[in-house]
>>> print(open('work_4.csv').read())   # CSV, C-alpha atoms
chain,number,residue,atom,x,y,z
A,1021,MET,CA,-105.1,-98.1,104.1
A,1022,LYS,CA,-107.3,-100.3,102.1
A,1023,THR,CA,-105.8,-102.2,99.3
A,1024,LYS,CA,-107.1,-101.9,95.8
A,1025,GLU,CA,-108.7,-105.4,96.1
A,1026,GLN,CA,-110.5,-104.3,99.3
A,1027,GLN,CA,-111.7,-101.1,97.7
A,1028,GLN,CA,-112.9,-103.1,94.6
A,1029,ALA,CA,-114.7,-105.6,96.9
A,1030,ILE,CA,-116.5,-102.7,98.7
A,1031,VAL,CA,-117.6,-101.2,95.4
A,1032,GLU,CA,-118.8,-104.6,94.1
A,1033,ASP,CA,-120.8,-105.1,97.4
A,1034,ALA,CA,-122.4,-101.7,97.1
A,1035,VAL,CA,-123.3,-102.4,93.4
A,1036,SER,CA,-124.8,-105.8,94.5
A,1037,ILE,CA,-126.9,-104.2,97.2
A,1038,GLU,CA,-128.1,-101.5,94.8
A,1039,ASP,CA,-129.1,-104.2,92.3
A,1040,GLN,CA,-131.1,-106.0,94.9
A,1041,CYS,CA,-132.9,-102.8,95.9
A,1042,THR,CA,-133.7,-101.7,92.4
A,1043,VAL,CA,-136.9,-103.4,91.3
A,1044,ASN,CA,-138.5,-102.3,88.0
A,1045,HIS,CA,-140.5,-105.5,87.4
A,1046,LEU,CA,-142.3,-108.1,89.5
A,1047,ASP,CA,-143.4,-111.4,88.1
A,1048,ALA,CA,-146.8,-111.8,89.6
A,1049,GLY,CA,-147.8,-114.9,87.7
A,1050,LEU,CA,-151.1,-113.2,86.8
A,1051,PRO,CA,-152.4,-113.1,83.2
A,1052,ARG,CA,-151.9,-109.8,81.4
A,1053,TRP,CA,-155.6,-109.4,80.8
A,1054,LEU,CA,-156.3,-109.5,84.5
A,1055,ILE,CA,-153.8,-106.8,85.3
A,1056,GLU,CA,-155.2,-104.7,82.5
A,1057,ALA,CA,-158.7,-105.2,83.7
A,1058,ALA,CA,-157.6,-104.1,87.2
A,1059,PHE,CA,-156.1,-101.0,85.6
A,1060,VAL,CA,-159.4,-100.2,83.8
A,1061,CYS,CA,-161.2,-100.6,87.1
A,1062,TYR,CA,-158.9,-98.0,88.6
A,1063,LEU,CA,-159.7,-95.6,85.7
A,1064,PHE,CA,-163.4,-96.2,86.3
A,1065,GLN,CA,-162.9,-95.6,90.0
A,1066,ALA,CA,-161.2,-92.3,89.1
A,1067,VAL,CA,-164.2,-91.3,87.0
A,1068,LEU,CA,-166.6,-92.3,89.8
A,1069,ASN,CA,-164.8,-89.9,92.1
A,1070,TRP,CA,-166.3,-87.0,90.2
A,1071,SER,CA,-169.0,-86.0,92.7
A,1072,PRO,CA,-172.0,-85.5,90.3
A,1073,LEU,CA,-171.4,-89.0,88.9
A,1074,MET,CA,-170.9,-90.5,92.3
A,1075,HIS,CA,-174.2,-88.9,93.5
A,1076,TRP,CA,-176.0,-90.2,90.5
A,1077,PHE,CA,-174.8,-93.8,91.2
A,1078,ASN,CA,-175.9,-93.5,94.8
A,1079,ASP,CA,-179.3,-92.0,93.8
A,1080,ALA,CA,-179.9,-94.7,91.2
A,1081,HIS,CA,-179.1,-97.4,93.8
A,1082,LEU,CA,-176.0,-98.5,91.9
A,1083,SER,CA,-173.6,-98.2,94.8
A,1084,TRP,CA,-172.8,-101.9,94.3
A,1085,VAL,CA,-171.3,-101.1,90.9
A,1086,SER,CA,-169.0,-98.5,92.6
A,1087,ALA,CA,-168.2,-101.1,95.3
A,1088,ILE,CA,-167.1,-103.7,92.8
A,1089,VAL,CA,-165.0,-101.3,90.8
A,1090,GLN,CA,-163.3,-99.8,93.8
A,1091,THR,CA,-162.4,-103.2,95.2
A,1092,LEU,CA,-161.5,-105.3,92.1
A,1093,GLY,CA,-158.8,-103.0,90.8
A,1094,PRO,CA,-156.8,-102.6,94.0
A,1095,VAL,CA,-157.2,-106.2,95.2
A,1096,VAL,CA,-156.0,-107.7,91.9
A,1097,MET,CA,-153.0,-105.2,91.9
A,1098,TYR,CA,-152.2,-105.9,95.5
A,1099,VAL,CA,-152.3,-109.7,95.0
A,1100,GLY,CA,-150.0,-109.3,92.0
A,1101,LEU,CA,-147.6,-107.1,94.1
A,1102,MET,CA,-147.6,-109.6,97.0
A,1103,ARG,CA,-147.0,-112.6,94.7
A,1104,GLY,CA,-144.3,-110.7,92.7
A,1105,MET,CA,-142.5,-109.6,95.9
A,1106,LYS,CA,-142.1,-113.2,97.3
A,1107,PRO,CA,-138.5,-113.6,96.0
A,1108,LEU,CA,-137.4,-110.3,97.3
A,1109,TYR,CA,-135.5,-110.0,100.6
A,1110,ARG,CA,-138.3,-108.1,102.2
A,1111,PRO,CA,-141.7,-109.1,100.7
A,1112,PHE,CA,-143.9,-107.5,103.4
A,1113,LYS,CA,-146.4,-110.4,103.0
A,1114,ILE,CA,-148.3,-109.6,106.2
A,1115,TRP,CA,-148.7,-106.0,105.2
A,1116,TRP,CA,-150.1,-106.9,101.8
A,1117,TRP,CA,-152.6,-109.3,103.4
A,1118,VAL,CA,-153.8,-106.6,105.8
A,1119,VAL,CA,-154.2,-104.1,102.8
A,1120,ILE,CA,-156.2,-106.7,100.9
A,1121,ALA,CA,-158.4,-107.5,103.9
A,1122,LEU,CA,-159.2,-103.8,104.4
A,1123,ASN,CA,-160.1,-103.4,100.8
A,1124,LEU,CA,-162.4,-106.4,101.0
A,1125,ALA,CA,-164.0,-104.9,104.1
A,1126,GLY,CA,-164.5,-101.7,102.1
A,1127,PHE,CA,-166.3,-103.7,99.5
A,1128,VAL,CA,-168.8,-104.9,102.2
A,1129,THR,CA,-169.4,-101.4,103.4
A,1130,GLY,CA,-169.8,-100.1,99.8
A,1131,MET,CA,-172.4,-102.8,99.1
A,1132,ILE,CA,-174.4,-101.9,102.2
A,1133,PRO,CA,-174.8,-98.1,102.4
A,1134,ALA,CA,-176.7,-98.3,105.6
A,1135,ILE,CA,-173.5,-99.2,107.5
A,1136,MET,CA,-171.3,-96.8,105.7
A,1137,PHE,CA,-171.8,-94.0,108.2
A,1138,SER,CA,-170.9,-96.1,111.2
A,1139,VAL,CA,-168.1,-98.1,109.6
A,1140,GLY,CA,-166.8,-95.8,106.9
A,1141,LEU,CA,-164.7,-93.5,109.0
A,1142,PRO,CA,-162.9,-96.2,111.1
A,1143,LEU,CA,-162.2,-98.1,107.9
A,1144,ALA,CA,-160.7,-94.9,106.2
A,1145,VAL,CA,-158.5,-94.3,109.2
A,1146,SER,CA,-157.4,-98.0,109.2
A,1147,LEU,CA,-156.5,-97.7,105.5
A,1148,MET,CA,-154.3,-94.7,106.3
A,1149,LEU,CA,-152.6,-96.5,109.2
A,1150,VAL,CA,-151.6,-99.3,106.8
A,1151,TYR,CA,-151.1,-97.6,103.5
A,1152,VAL,CA,-148.8,-94.9,104.8
A,1153,PRO,CA,-146.3,-97.2,106.7
A,1154,LEU,CA,-146.3,-99.8,103.9
A,1155,GLY,CA,-145.7,-97.1,101.3
A,1156,CYS,CA,-142.8,-95.7,103.4
A,1157,LEU,CA,-141.3,-99.2,103.8
A,1158,LEU,CA,-141.4,-99.7,100.0
A,1159,MET,CA,-139.7,-96.4,99.5
A,1160,TYR,CA,-137.1,-97.1,102.2
A,1161,ASN,CA,-136.2,-100.6,101.1
A,1162,TYR,CA,-136.4,-100.4,97.3
A,1163,ARG,CA,-135.6,-98.3,94.3
A,1164,GLY,CA,-136.9,-98.1,90.8
A,1165,ARG,CA,-140.6,-98.6,89.9
A,1166,LEU,CA,-141.3,-100.4,93.2
A,1167,TRP,CA,-140.1,-97.2,95.0
A,1168,GLN,CA,-142.6,-95.3,92.9
A,1169,VAL,CA,-145.4,-97.6,94.0
A,1170,GLY,CA,-144.6,-96.8,97.6
A,1171,LEU,CA,-144.5,-93.1,97.0
A,1172,TRP,CA,-147.9,-93.1,95.1
A,1173,MET,CA,-149.4,-95.4,97.7
A,1174,VAL,CA,-148.8,-92.8,100.3
A,1175,LEU,CA,-150.0,-89.9,98.1
A,1176,TYR,CA,-153.1,-91.9,97.0
A,1177,ILE,CA,-154.4,-92.6,100.5
A,1178,LEU,CA,-153.6,-89.1,101.9
A,1179,VAL,CA,-155.2,-87.3,98.9
A,1180,SER,CA,-158.2,-89.6,98.7
A,1181,SER,CA,-158.9,-89.4,102.4
A,1182,ILE,CA,-158.0,-85.8,103.3
A,1183,LEU,CA,-159.0,-83.8,100.2
A,1184,PRO,CA,-162.7,-84.8,100.3
A,1185,VAL,CA,-162.9,-83.5,103.9
A,1186,VAL,CA,-161.1,-80.3,103.1
A,1187,SER,CA,-163.4,-79.9,100.1
A,1188,PHE,CA,-166.5,-80.3,102.2
A,1189,LEU,CA,-165.2,-77.8,104.8
A,1190,ILE,CA,-164.3,-75.2,102.1
A,1191,VAL,CA,-166.9,-75.6,99.4
A,1192,GLY,CA,-169.6,-77.4,101.3
A,1193,PRO,CA,-171.9,-80.1,99.9
A,1194,GLU,CA,-171.8,-78.6,96.4
A,1195,SER,CA,-170.6,-80.7,93.6
A,1196,GLY,CA,-169.7,-80.3,89.9
A,1197,LEU,CA,-167.7,-77.3,88.7
A,1198,ALA,CA,-167.8,-75.5,92.0
A,1199,ASN,CA,-165.8,-78.4,93.5
A,1200,LEU,CA,-163.7,-79.2,90.5
A,1201,PRO,CA,-160.4,-77.8,91.8
A,1202,MET,CA,-160.6,-80.2,94.8
A,1203,GLU,CA,-161.7,-83.2,92.7
A,1204,ILE,CA,-159.0,-83.0,90.0
A,1205,PRO,CA,-156.1,-84.0,92.3
A,1206,THR,CA,-158.2,-86.9,93.7
A,1207,ILE,CA,-159.0,-88.2,90.2
A,1208,ALA,CA,-155.4,-87.6,89.0
A,1209,VAL,CA,-153.7,-89.4,91.9
A,1210,ILE,CA,-155.8,-92.5,91.3
A,1211,VAL,CA,-154.8,-92.6,87.6
A,1212,VAL,CA,-151.1,-92.2,88.4
A,1213,TYR,CA,-151.2,-94.8,91.2
A,1214,ALA,CA,-152.9,-97.3,88.9
A,1215,TRP,CA,-150.3,-96.6,86.2
A,1216,VAL,CA,-147.2,-97.2,88.4
A,1217,GLN,CA,-148.7,-100.5,89.7
A,1218,ARG,CA,-149.4,-101.6,86.1
A,1219,ARG,CA,-145.8,-100.7,85.0
A,1220,VAL,CA,-144.1,-102.7,87.7
A,1221,LEU,CA,-146.4,-105.7,87.2
A,1222,ILE,CA,-146.2,-105.7,83.4
A,1223,GLY,CA,-142.7,-104.5,83.1
A,1224,LYS,CA,-143.1,-102.2,80.1
>>> encode(input="work_4.csv", output="structure tokens")
Amino acid sequence: MKTKEQQQAIVEDAVSIEDQCTVNHLDAGLPRWLIEAAFVCYLFQAVLNWSPLMHWFNDAHLSWVSAIVQTLGPVVMYVGLMRGMKPLYRPFKIWWWVVIALNLAGFVTGMIPAIMFSVGLPLAVSLMLVYVPLGCLLMYNYRGRLWQVGLWMVLYILVSSILPVVSFLIVGPESGLANLPMEIPTIAVIVVYAWVQRRVLIGK
């Protein structure tokens, strides 16, 4: 039988491991205004996912605005998460660099609509192949707000990638109110994903 001292040591070790796994705040070393600006970009990205507005930007040859917005928010947040996770026992640095690189590649394709049709699908698949494992790794290794980031990272990429395809197959190329039931989840998941990243980086 274990002595009381041994049992106490086991309990203390379990508490220590749980403390290491629970991460509610990351010190990214980024200015608050930059994180807030990234959050605003995410909100703008959510608005741009409403198809009538998206079509208007494309028709007005303002796809570069959409490309900047959809890249700036995630890249700033991911740099902050990567920097903040450096002291943790599993920082997943390589994973973060791959995510950042793919988002920058998305910026290039967004700036040049002519290559979107040939590069867009492989890039979307690549993002899924990175976002889903990284999100699962965050959920498996950490608790607290960082766990929430992992969960919403998976939901974000799955909803953003799969729902538009489902919407096109069911509703067709129509936009606006006819497509609203499919667009609401896509918009909502972006907002929530932005919020959980903001919370873990700002710590409030």
>>> atom_distance(input="work_4.csv", atom1="CA of Gly1104 in chain A", atom2="CA of Ile1207 in chain A")
27.0 Å
>>> closest_residue(input="work_4.csv", among="A:Leu1183, A:Leu1175, A:Ala1144, A:Ala1058", to="Ile1088 in chain A", atoms="all atoms listed in the file")
A:Ala1058
>>> atom_distance(input="work_4.csv", atom1="CA of Ala1214 in chain A", atom2="CA of Pro1153 in chain A")
19.0 Å
>>> residues_around(input="work_4.csv", residues="Asn1044 in chain A", least_positions_apart="2", cutoff="12 Å", atoms="all atoms listed in the file", output="PyMOL selection string")
chain A and resi 1039-1042+1046-1047+1101+1104-1105+1162-1169+1216-1224
>>> closest_residue(input="work_4.csv", among="A:Ser1083, A:Asn1123, A:Gln1090, A:Ser1146", to="Tyr1062 in chain A", atoms="only C-alpha atoms")
A:Gln1090
>>> atom_distance(input="work_4.csv", atom1="CA of Ile1182 in chain A", atom2="CA of Ala1208 in chain A")
14.6 Å
>>> residues_around(input="work_4.csv", residues="Leu1092 in chain A", least_positions_apart="6", cutoff="10 Å", atoms="all atoms listed in the file", output="PyMOL selection string")
chain A and resi 1057-1062+1098+1123-1124+1127
>>> closest_residue(input="work_4.csv", among="A:Leu1158, A:Leu1178, A:Met1173, A:Leu1122", to="Pro1142 in chain A", atoms="only C-alpha atoms")
A:Leu1122
>>> closest_residue(input="work_4.csv", among="A:Leu1154, A:Leu1147, A:Val1089, A:Met1097", to="Leu1171 in chain A", atoms="all atoms listed in the file")
A:Leu1154
>>> residues_around(input="work_4.csv", residues="Gly1126 in chain A", least_positions_apart="4", cutoff="8 Å", atoms="all atoms listed in the file", output="MDAnalysis selection string")
chainID A and resid 1087 1091 1122 1130 1140 1143
>>> closest_residue(input="work_4.csv", among="A:Val1150, A:Ala1048, A:Val1099, A:Val1085", to="Phe1064 in chain A", atoms="all atoms listed in the file")
A:Val1085
>>> closest_residue(input="work_4.csv", among="A:Met1148, A:Val1118, A:Ala1066, A:Leu1108", to="Gly1093 in chain A", atoms="all atoms listed in the file")
A:Ala1066
